[in-house]
Amino acid sequence: MTRGIDSWLQKTWYGESSLGSALLPLSWLYAAATGLRRKLYATGFIASQELPVPVVVVGNITVGGTGKTPLSMWLAERLTERSYNPAIVSRGYGGKVGPEPLEVTVESDPSIVGDEALLMAGRTTFPVVVHPDRVAAARRAIELGADVIVSDDGLQHYGLRRDFEIAVVDAGRAYGNRRLLPAGPLREPLSRLDSIDQVLVQCESDDAPDLAHRVSDSPPKNFRLEISAVCRLDNSDIRNTTSFSGRQVHALAGIGNPERFFRLLEANNIRVIRHPLPDHARITQEDLDFDDEFDVVMTEKDAVKCRWLDTTKCWYVPVDVVMRQADADYLLNRIERKIASG
């Protein structure tokens with residue numbers, strides 16, 4: 001997606017433009033096609049593939065960043081603490097995986113495996129496997145020793161039968177104009193949340209707006225993302241965020257919601273010159289070169305795509321999921337009970 005089109009869609013979806021009405025006929029076609037697809041899977045006319053190990057899906061019903069990938073890593077780590085051997089499977093968005101599933105390592109090429117998968121492989125100790133066919137990716141993960149699968153951004157991949165579904169909602173953006181693609185950001189209608197096992201709301205503080213009402217009796221739980229450090233791209237220098245306090249930087253973000261990243265830096269008293277890019281955007285040297293003395297700070301997802309560029313003045317900030325211990329225990333206990341009952 002070009003940067004101009006991406007910018008126009010963001011303004012249309014999140015209330016800054018009324019031109020999205022022109023796209024409503026396409027939204028109706030999209031609704032009909034996706035509704036038929038869901039019904040075919042629900043009735044068994046198209047079979048979902050069941051695996052010999054449990055599957056937990058982390059996804060969302062909107063396009064763009066809600067914190068799914070950090071949450072997938074967090075969830076897999078918590079399952080490890082409970083004596084499971086998890087693996088994460090991903091589509092490998094932005095890459096060209098090829099006919100066979102690939103296990104991702106820190107040496108993998110982001111143009112092949114995708115930026116998010118490479119980020120996860122660099123932050124975790126368990127297998128990360130990518131392929132557009134989630135069933136094939138999951139089977140490969142099982143061969144690598146996984147006894148539970150976490151499917152990152154897998155909510156709409158109905159070909160893989162799942163034991164527990166998590167939908168992540170961004171508190172700031174919520175559901176935009178509440179229209180389906182392409183007139184709005186919704187991948188599925190809001191009624192889809194009624195069949196989700198757990199809604200998690202990504203907030204910028206511990207207090208979330210009350211936006212995720214559901215028919216089911218499981219109330220939404222909240223989490224937030226926190227910066228854990230500021231790192232050179234080659235990891236030769238790792239600093240506390242306070243070392244950047246009061247400094248002005250160029251902030252680069254090619255994620256689904258760049259503004260969230262900019263506000264996160266500002267919450268740490270870092271003065272930001274904004275440079276938003278489309279989600280999964282290819283990073284070029286031109287994106288990193290500015291005619292001034294300021295450093296460039298980017299997301300970890302963008303940093304994995306810059307290993308062949310001159311990054312002398314570049315830093316990235318890894319983020320971690322923070323959730324109330326009681327809410328984390330509640331979620332993990334529900335997952336374990338669902339797995340056991342299955």
# chains A, B, ... in the order shown; residues from 1 in each chain; ligands from 1
>>> residues_around(residues="Val57 of chain A", least_positions_apart="3", cutoff="8 Å", atoms="only C-alpha atoms", output="list in words")
Val150, Ser151, Asp152, Asp153, Gly154, Leu155, Arg162, Phe164, Glu165 and Ile166 of chain A
>>> write_last_selection(atoms="C-alpha atoms", output="PDB file, in the first residue's frame")
ATOM      1  CA  VAL A 150      -0.142 -19.554  19.622  1.00  0.00           C
ATOM      2  CA  SER A 151      -1.422 -18.220  16.296  1.00  0.00           C
ATOM      3  CA  ASP A 152      -0.439 -14.549  15.898  1.00  0.00           C
ATOM      4  CA  ASP A 153      -3.014 -12.501  13.955  1.00  0.00           C
ATOM      5  CA  GLY A 154      -4.942 -15.676  13.224  1.00  0.00           C
ATOM      6  CA  LEU A 155      -8.509 -14.773  14.107  1.00  0.00           C
ATOM      7  CA  ARG A 162      -8.811 -23.253  17.691  1.00  0.00           C
ATOM      8  CA  PHE A 164      -9.335 -20.355  22.628  1.00  0.00           C
ATOM      9  CA  GLU A 165      -9.788 -17.025  20.848  1.00  0.00           C
ATOM     10  CA  ILE A 166      -8.416 -13.673  22.033  1.00  0.00           C
TER      11      ILE A 166
END
>>> residues_around(residues="Thr125 of chain A", least_positions_apart="5", cutoff="10 Å", atoms="only C-alpha atoms", output="list of chain:residue names")
A:Ala76, A:Glu77, A:Thr80, A:Pro86, A:Ala87, A:Met120
>>> select_by_dssp(residues="segment 198-325 of chain A", states="alpha helix (DSSP H)", output="PyMOL selection string")
chain A and resi 258-267+285-288+300-303+325
>>> select_by_dssp(residues="segment 82-303 of chain A", states="strand (DSSP E or B)", output="number ranges by chain")
A: 86-90, 102-103, 128-130, 148-152, 160, 164-170, 180, 186, 198-203, 221-227, 230-232, 238-239, 248-253, 271-276, 296-299
>>> closest_residue(among="A:Leu331, A:Val297, A:Val97, A:Ala42", to="Lys221 of chain A", atoms="only C-alpha atoms")
A:Leu331
>>> closest_residue(among="A:Pro52, A:Gly67, A:Pro132, A:Pro99", to="Ala146 of chain A", atoms="only C-alpha atoms")
A:Pro52
>>> closest_residue(among="A:Ala174, A:Val169, A:Ala326, A:Ile149", to="Glu50 of chain A", atoms="only C-alpha atoms")
A:Ile149
>>> atom_distance(atom1="atom CA of Ala22 of chain A", atom2="atom CA of Thr62 of chain A")
19.7 Å
>>> closest_residue(among="A:Lys301, A:Arg337, A:Arg179, A:Lys96", to="Trp315 of chain A", atoms="only C-alpha atoms")
A:Lys301
>>> residues_around(residues="Ala183 of chain A", least_positions_apart="6", cutoff="12 Å", atoms="only C-alpha atoms", output="NGL selection string")
:A and (8-15 or 17-31 or 63 or 176-177)
>>> atom_distance(atom1="atom CA of Leu252 of chain A", atom2="atom CA of Pro185 of chain A")
22.7 Å
>>> residues_around(residues="Tyr316 of chain A", least_positions_apart="6", cutoff="10 Å", atoms="only C-alpha atoms", output="list of chain:residue names")
A:Ile227, A:Ala229, A:Val230, A:Cys231, A:Arg232, A:Leu233, A:Asp234, A:Asn235, A:Ile238, A:Ala251, A:Leu252, A:Val296, A:Val297, A:Met298, A:Thr299, A:Glu300, A:Lys301, A:Asp302, A:Ala303, A:Val304
>>> residues_around(residues="Leu265 of chain A", least_positions_apart="4", cutoff="12 Å", atoms="only C-alpha atoms", output="PDB file with N, CA, C and O atoms, in the first residue's frame")
ATOM      1  N   GLU A 204      -3.301   2.999  27.167  1.00  0.00           N
ATOM      2  CA  GLU A 204      -2.097   3.768  27.445  1.00  0.00           C
ATOM      3  C   GLU A 204      -1.933   4.034  28.939  1.00  0.00           C
ATOM      4  O   GLU A 204      -0.958   4.644  29.359  1.00  0.00           O
ATOM      5  N   LEU A 225       1.421  -1.349  26.903  1.00  0.00           N
ATOM      6  CA  LEU A 225       2.777  -1.592  26.432  1.00  0.00           C
ATOM      7  C   LEU A 225       3.708  -0.572  27.054  1.00  0.00           C
ATOM      8  O   LEU A 225       3.393   0.619  27.092  1.00  0.00           O
ATOM      9  N   GLU A 226       4.850  -1.041  27.538  1.00  0.00           N
ATOM     10  CA  GLU A 226       5.839  -0.156  28.145  1.00  0.00           C
ATOM     11  C   GLU A 226       7.187  -0.323  27.458  1.00  0.00           C
ATOM     12  O   GLU A 226       7.565  -1.435  27.070  1.00  0.00           O
ATOM     13  N   ILE A 227       7.902   0.779  27.302  1.00  0.00           N
ATOM     14  CA  ILE A 227       9.261   0.738  26.760  1.00  0.00           C
ATOM     15  C   ILE A 227      10.193   0.161  27.821  1.00  0.00           C
ATOM     16  O   ILE A 227      10.212   0.613  28.963  1.00  0.00           O
ATOM     17  N   SER A 228      10.973  -0.849  27.442  1.00  0.00           N
ATOM     18  CA  SER A 228      11.882  -1.469  28.397  1.00  0.00           C
ATOM     19  C   SER A 228      13.297  -0.903  28.315  1.00  0.00           C
ATOM     20  O   SER A 228      14.058  -0.991  29.275  1.00  0.00           O
ATOM     21  N   ALA A 229      13.666  -0.308  27.164  1.00  0.00           N
ATOM     22  CA  ALA A 229      15.016   0.240  26.993  1.00  0.00           C
ATOM     23  C   ALA A 229      15.062   1.004  25.674  1.00  0.00           C
ATOM     24  O   ALA A 229      14.105   0.982  24.892  1.00  0.00           O
ATOM     25  N   VAL A 230      16.183   1.682  25.446  1.00  0.00           N
ATOM     26  CA  VAL A 230      16.466   2.304  24.151  1.00  0.00           C
ATOM     27  C   VAL A 230      17.785   1.705  23.669  1.00  0.00           C
ATOM     28  O   VAL A 230      18.808   1.814  24.359  1.00  0.00           O
ATOM     29  N   THR A 241      15.464   4.648  29.387  1.00  0.00           N
ATOM     30  CA  THR A 241      14.738   5.708  28.693  1.00  0.00           C
ATOM     31  C   THR A 241      15.052   7.088  29.266  1.00  0.00           C
ATOM     32  O   THR A 241      14.935   8.096  28.553  1.00  0.00           O
ATOM     33  N   THR A 242      15.475   7.153  30.521  1.00  0.00           N
ATOM     34  CA  THR A 242      15.769   8.458  31.120  1.00  0.00           C
ATOM     35  C   THR A 242      16.932   9.155  30.439  1.00  0.00           C
ATOM     36  O   THR A 242      17.042  10.385  30.502  1.00  0.00           O
ATOM     37  N   PHE A 244      17.229   9.579  27.401  1.00  0.00           N
ATOM     38  CA  PHE A 244      16.667  10.334  26.275  1.00  0.00           C
ATOM     39  C   PHE A 244      15.650  11.372  26.750  1.00  0.00           C
ATOM     40  O   PHE A 244      15.049  12.065  25.927  1.00  0.00           O
ATOM     41  N   SER A 245      15.453  11.474  28.049  1.00  0.00           N
ATOM     42  CA  SER A 245      14.468  12.409  28.584  1.00  0.00           C
ATOM     43  C   SER A 245      14.812  13.850  28.209  1.00  0.00           C
ATOM     44  O   SER A 245      15.942  14.306  28.384  1.00  0.00           O
ATOM     45  N   GLY A 246      13.847  14.549  27.634  1.00  0.00           N
ATOM     46  CA  GLY A 246      14.019  15.935  27.223  1.00  0.00           C
ATOM     47  C   GLY A 246      14.687  16.116  25.883  1.00  0.00           C
ATOM     48  O   GLY A 246      14.776  17.250  25.383  1.00  0.00           O
ATOM     49  N   ARG A 247      15.164  15.037  25.263  1.00  0.00           N
ATOM     50  CA  ARG A 247      15.850  15.146  23.966  1.00  0.00           C
ATOM     51  C   ARG A 247      14.847  15.099  22.817  1.00  0.00           C
ATOM     52  O   ARG A 247      13.806  14.452  22.912  1.00  0.00           O
ATOM     53  N   GLN A 248      15.183  15.760  21.736  1.00  0.00           N
ATOM     54  CA  GLN A 248      14.358  15.720  20.535  1.00  0.00           C
ATOM     55  C   GLN A 248      14.917  14.673  19.586  1.00  0.00           C
ATOM     56  O   GLN A 248      16.125  14.604  19.367  1.00  0.00           O
ATOM     57  N   VAL A 249      14.027  13.859  19.013  1.00  0.00           N
ATOM     58  CA  VAL A 249      14.444  12.791  18.110  1.00  0.00           C
ATOM     59  C   VAL A 249      13.491  12.735  16.916  1.00  0.00           C
ATOM     60  O   VAL A 249      12.355  13.218  16.983  1.00  0.00           O
ATOM     61  N   HIS A 250      13.975  12.142  15.832  1.00  0.00           N
ATOM     62  CA  HIS A 250      13.099  11.752  14.730  1.00  0.00           C
ATOM     63  C   HIS A 250      12.520  10.386  15.088  1.00  0.00           C
ATOM     64  O   HIS A 250      13.275   9.429  15.335  1.00  0.00           O
ATOM     65  N   ALA A 251      11.204  10.278  15.141  1.00  0.00           N
ATOM     66  CA  ALA A 251      10.549   9.021  15.488  1.00  0.00           C
ATOM     67  C   ALA A 251       9.956   8.396  14.232  1.00  0.00           C
ATOM     68  O   ALA A 251       9.168   9.029  13.520  1.00  0.00           O
ATOM     69  N   LEU A 252      10.342   7.159  13.968  1.00  0.00           N
ATOM     70  CA  LEU A 252       9.945   6.441  12.756  1.00  0.00           C
ATOM     71  C   LEU A 252       9.083   5.253  13.164  1.00  0.00           C
ATOM     72  O   LEU A 252       9.471   4.477  14.031  1.00  0.00           O
ATOM     73  N   ALA A 253       7.916   5.100  12.523  1.00  0.00           N
ATOM     74  CA  ALA A 253       7.027   4.004  12.892  1.00  0.00           C
ATOM     75  C   ALA A 253       6.264   3.499  11.680  1.00  0.00           C
ATOM     76  O   ALA A 253       5.405   4.201  11.143  1.00  0.00           O
ATOM     77  N   PRO A 258       0.912   4.269  14.053  1.00  0.00           N
ATOM     78  CA  PRO A 258       2.140   4.991  14.415  1.00  0.00           C
ATOM     79  C   PRO A 258       1.954   5.988  15.545  1.00  0.00           C
ATOM     80  O   PRO A 258       2.857   6.189  16.355  1.00  0.00           O
ATOM     81  N   GLU A 259       0.795   6.618  15.611  1.00  0.00           N
ATOM     82  CA  GLU A 259       0.574   7.637  16.639  1.00  0.00           C
ATOM     83  C   GLU A 259       0.716   7.054  18.044  1.00  0.00           C
ATOM     84  O   GLU A 259       1.176   7.731  18.968  1.00  0.00           O
ATOM     85  N   ARG A 260       0.329   5.808  18.207  1.00  0.00           N
ATOM     86  CA  ARG A 260       0.480   5.162  19.512  1.00  0.00           C
ATOM     87  C   ARG A 260       1.944   5.091  19.925  1.00  0.00           C
ATOM     88  O   ARG A 260       2.295   5.315  21.084  1.00  0.00           O
ATOM     89  N   PHE A 261       2.832   4.804  18.980  1.00  0.00           N
ATOM     90  CA  PHE A 261       4.265   4.755  19.257  1.00  0.00           C
ATOM     91  C   PHE A 261       4.792   6.135  19.609  1.00  0.00           C
ATOM     92  O   PHE A 261       5.565   6.301  20.563  1.00  0.00           O
ATOM     93  N   ASN A 269       8.851  11.414  28.149  1.00  0.00           N
ATOM     94  CA  ASN A 269       9.471  12.740  28.096  1.00  0.00           C
ATOM     95  C   ASN A 269      10.489  12.863  26.966  1.00  0.00           C
ATOM     96  O   ASN A 269      11.480  13.582  27.063  1.00  0.00           O
ATOM     97  N   ILE A 270      10.245  12.161  25.856  1.00  0.00           N
ATOM     98  CA  ILE A 270      11.076  12.279  24.662  1.00  0.00           C
ATOM     99  C   ILE A 270      10.332  13.161  23.663  1.00  0.00           C
ATOM    100  O   ILE A 270       9.157  12.938  23.371  1.00  0.00           O
ATOM    101  N   ARG A 271      10.993  14.180  23.160  1.00  0.00           N
ATOM    102  CA  ARG A 271      10.384  15.114  22.219  1.00  0.00           C
ATOM    103  C   ARG A 271      10.457  14.522  20.816  1.00  0.00           C
ATOM    104  O   ARG A 271      11.534  14.151  20.346  1.00  0.00           O
ATOM    105  N   VAL A 272       9.315  14.472  20.148  1.00  0.00           N
ATOM    106  CA  VAL A 272       9.182  13.658  18.946  1.00  0.00           C
ATOM    107  C   VAL A 272       8.913  14.502  17.705  1.00  0.00           C
ATOM    108  O   VAL A 272       8.031  15.358  17.701  1.00  0.00           O
ATOM    109  N   ILE A 273       9.701  14.250  16.656  1.00  0.00           N
ATOM    110  CA  ILE A 273       9.383  14.706  15.303  1.00  0.00           C
ATOM    111  C   ILE A 273       8.799  13.494  14.583  1.00  0.00           C
ATOM    112  O   ILE A 273       9.502  12.501  14.350  1.00  0.00           O
ATOM    113  N   ARG A 274       7.525  13.546  14.231  1.00  0.00           N
ATOM    114  CA  ARG A 274       6.801  12.369  13.755  1.00  0.00           C
ATOM    115  C   ARG A 274       7.118  12.023  12.300  1.00  0.00           C
ATOM    116  O   ARG A 274       7.086  12.895  11.437  1.00  0.00           O
ATOM    117  N   VAL A 297      14.766   7.356  16.329  1.00  0.00           N
ATOM    118  CA  VAL A 297      14.259   6.298  17.194  1.00  0.00           C
ATOM    119  C   VAL A 297      13.091   5.627  16.479  1.00  0.00           C
ATOM    120  O   VAL A 297      12.175   6.298  15.998  1.00  0.00           O
ATOM    121  N   MET A 298      13.127   4.295  16.411  1.00  0.00           N
ATOM    122  CA  MET A 298      12.109   3.561  15.660  1.00  0.00           C
ATOM    123  C   MET A 298      11.574   2.403  16.477  1.00  0.00           C
ATOM    124  O   MET A 298      12.088   2.075  17.560  1.00  0.00           O
ATOM    125  N   THR A 299      10.543   1.766  15.962  1.00  0.00           N
ATOM    126  CA  THR A 299       9.999   0.582  16.607  1.00  0.00           C
ATOM    127  C   THR A 299      10.939  -0.600  16.377  1.00  0.00           C
ATOM    128  O   THR A 299      11.731  -0.630  15.428  1.00  0.00           O
ATOM    129  N   TYR A 316      16.318   1.764  18.571  1.00  0.00           N
ATOM    130  CA  TYR A 316      14.970   1.201  18.598  1.00  0.00           C
ATOM    131  C   TYR A 316      14.546   0.979  20.045  1.00  0.00           C
ATOM    132  O   TYR A 316      15.377   0.937  20.957  1.00  0.00           O
ATOM    133  N   VAL A 317      13.233   0.861  20.250  1.00  0.00           N
ATOM    134  CA  VAL A 317      12.713   0.674  21.601  1.00  0.00           C
ATOM    135  C   VAL A 317      11.864  -0.603  21.655  1.00  0.00           C
ATOM    136  O   VAL A 317      10.784  -0.657  21.069  1.00  0.00           O
ATOM    137  N   PRO A 318      12.350  -1.641  22.319  1.00  0.00           N
ATOM    138  CA  PRO A 318      11.502  -2.814  22.548  1.00  0.00           C
ATOM    139  C   PRO A 318      10.406  -2.477  23.546  1.00  0.00           C
ATOM    140  O   PRO A 318      10.597  -1.654  24.446  1.00  0.00           O
ATOM    141  N   VAL A 319       9.244  -3.074  23.364  1.00  0.00           N
ATOM    142  CA  VAL A 319       8.133  -2.849  24.286  1.00  0.00           C
ATOM    143  C   VAL A 319       7.707  -4.180  24.903  1.00  0.00           C
ATOM    144  O   VAL A 319       7.844  -5.239  24.292  1.00  0.00           O
TER     145      VAL A 319
END
>>> closest_residue(among="A:Arg134, A:Pro70, A:Leu36, A:Val129", to="Leu51 of chain A", atoms="only C-alpha atoms")
A:Arg134
>>> residues_around(residues="Thr124 of chain A", least_positions_apart="2", cutoff="12 Å", atoms="only C-alpha atoms", output="list in words")
Thr69, Pro70, Ser72, Met73, Trp74, Leu75, Ala76, Glu77, Arg78, Thr80, Pro86, Ala87, Ile88, Val104, Thr105, Val106, Ala117, Leu118, Leu119, Met120, Ala121, Gly122, Phe126, Pro127 and Val128 of chain A
>>> atom_distance(atom1="atom CA of Val58 of chain A", atom2="atom CA of Phe45 of chain A")
24.6 Å
>>> decode(residues="segment 215-235 of chain A", atoms="N, CA, C and O atoms", output="short mmCIF file (atom, residue, chain, number, x, y, z; two decimals), in the first residue's frame")
data_model
loop_
_atom_site.label_atom_id
_atom_site.label_comp_id
_atom_site.auth_asym_id
_atom_site.auth_seq_id
_atom_site.Cartn_x
_atom_site.Cartn_y
_atom_site.Cartn_z
N VAL A 215 -22.00 -9.67 24.57
CA VAL A 215 -23.13 -10.45 25.04
C VAL A 215 -22.66 -11.48 26.06
O VAL A 215 -23.36 -11.80 27.02
N SER A 216 -21.47 -12.02 25.88
CA SER A 216 -20.97 -13.07 26.77
C SER A 216 -20.69 -12.50 28.16
O SER A 216 -20.66 -11.30 28.37
N ASP A 217 -20.46 -13.41 29.12
CA ASP A 217 -20.29 -13.00 30.51
C ASP A 217 -18.83 -12.83 30.89
O ASP A 217 -18.51 -12.77 32.08
N SER A 218 -17.94 -12.76 29.93
CA SER A 218 -16.52 -12.59 30.22
C SER A 218 -16.11 -11.15 29.95
O SER A 218 -15.99 -10.75 28.80
N PRO A 219 -15.92 -10.33 30.98
CA PRO A 219 -15.62 -8.91 30.76
C PRO A 219 -14.24 -8.72 30.16
O PRO A 219 -13.34 -9.53 30.37
N PRO A 220 -14.04 -7.63 29.40
CA PRO A 220 -12.71 -7.36 28.84
C PRO A 220 -11.68 -7.14 29.95
O PRO A 220 -12.00 -6.70 31.05
N LYS A 221 -10.44 -7.48 29.63
CA LYS A 221 -9.32 -7.21 30.52
C LYS A 221 -8.39 -6.25 29.81
O LYS A 221 -8.35 -6.19 28.57
N ASN A 222 -7.60 -5.50 30.57
CA ASN A 222 -6.74 -4.46 30.01
C ASN A 222 -5.28 -4.84 30.10
O ASN A 222 -4.86 -5.59 30.99
N PHE A 223 -4.50 -4.30 29.17
CA PHE A 223 -3.04 -4.37 29.27
C PHE A 223 -2.48 -3.10 28.63
O PHE A 223 -3.19 -2.38 27.95
N ARG A 224 -1.22 -2.85 28.87
CA ARG A 224 -0.56 -1.72 28.22
C ARG A 224 0.82 -2.16 27.77
O ARG A 224 1.34 -3.19 28.18
N LEU A 225 1.42 -1.35 26.90
CA LEU A 225 2.78 -1.59 26.43
C LEU A 225 3.71 -0.57 27.05
O LEU A 225 3.39 0.62 27.09
N GLU A 226 4.85 -1.04 27.54
CA GLU A 226 5.84 -0.16 28.15
C GLU A 226 7.19 -0.32 27.46
O GLU A 226 7.57 -1.44 27.07
N ILE A 227 7.90 0.78 27.30
CA ILE A 227 9.26 0.74 26.76
C ILE A 227 10.19 0.16 27.82
O ILE A 227 10.21 0.61 28.96
N SER A 228 10.97 -0.85 27.44
CA SER A 228 11.88 -1.47 28.40
C SER A 228 13.30 -0.90 28.32
O SER A 228 14.06 -0.99 29.28
N ALA A 229 13.67 -0.31 27.16
CA ALA A 229 15.02 0.24 26.99
C ALA A 229 15.06 1.00 25.67
O ALA A 229 14.10 0.98 24.89
N VAL A 230 16.18 1.68 25.45
CA VAL A 230 16.47 2.30 24.15
C VAL A 230 17.78 1.70 23.67
O VAL A 230 18.81 1.81 24.36
N CYS A 231 17.76 1.04 22.51
CA CYS A 231 18.89 0.22 22.07
C CYS A 231 19.44 0.67 20.73
O CYS A 231 18.67 1.02 19.82
N ARG A 232 20.76 0.64 20.59
CA ARG A 232 21.36 0.77 19.27
C ARG A 232 20.89 -0.38 18.40
O ARG A 232 20.62 -1.47 18.89
N LEU A 233 20.84 -0.15 17.10
CA LEU A 233 20.33 -1.20 16.23
C LEU A 233 21.21 -2.44 16.24
O LEU A 233 20.72 -3.55 15.99
N ASP A 234 22.50 -2.29 16.53
CA ASP A 234 23.38 -3.46 16.63
C ASP A 234 23.51 -3.95 18.08
O ASP A 234 24.33 -4.82 18.37
N ASN A 235 22.70 -3.36 18.97
CA ASN A 235 22.69 -3.71 20.40
C ASN A 235 24.02 -3.47 21.10
O ASN A 235 24.28 -4.03 22.17
#
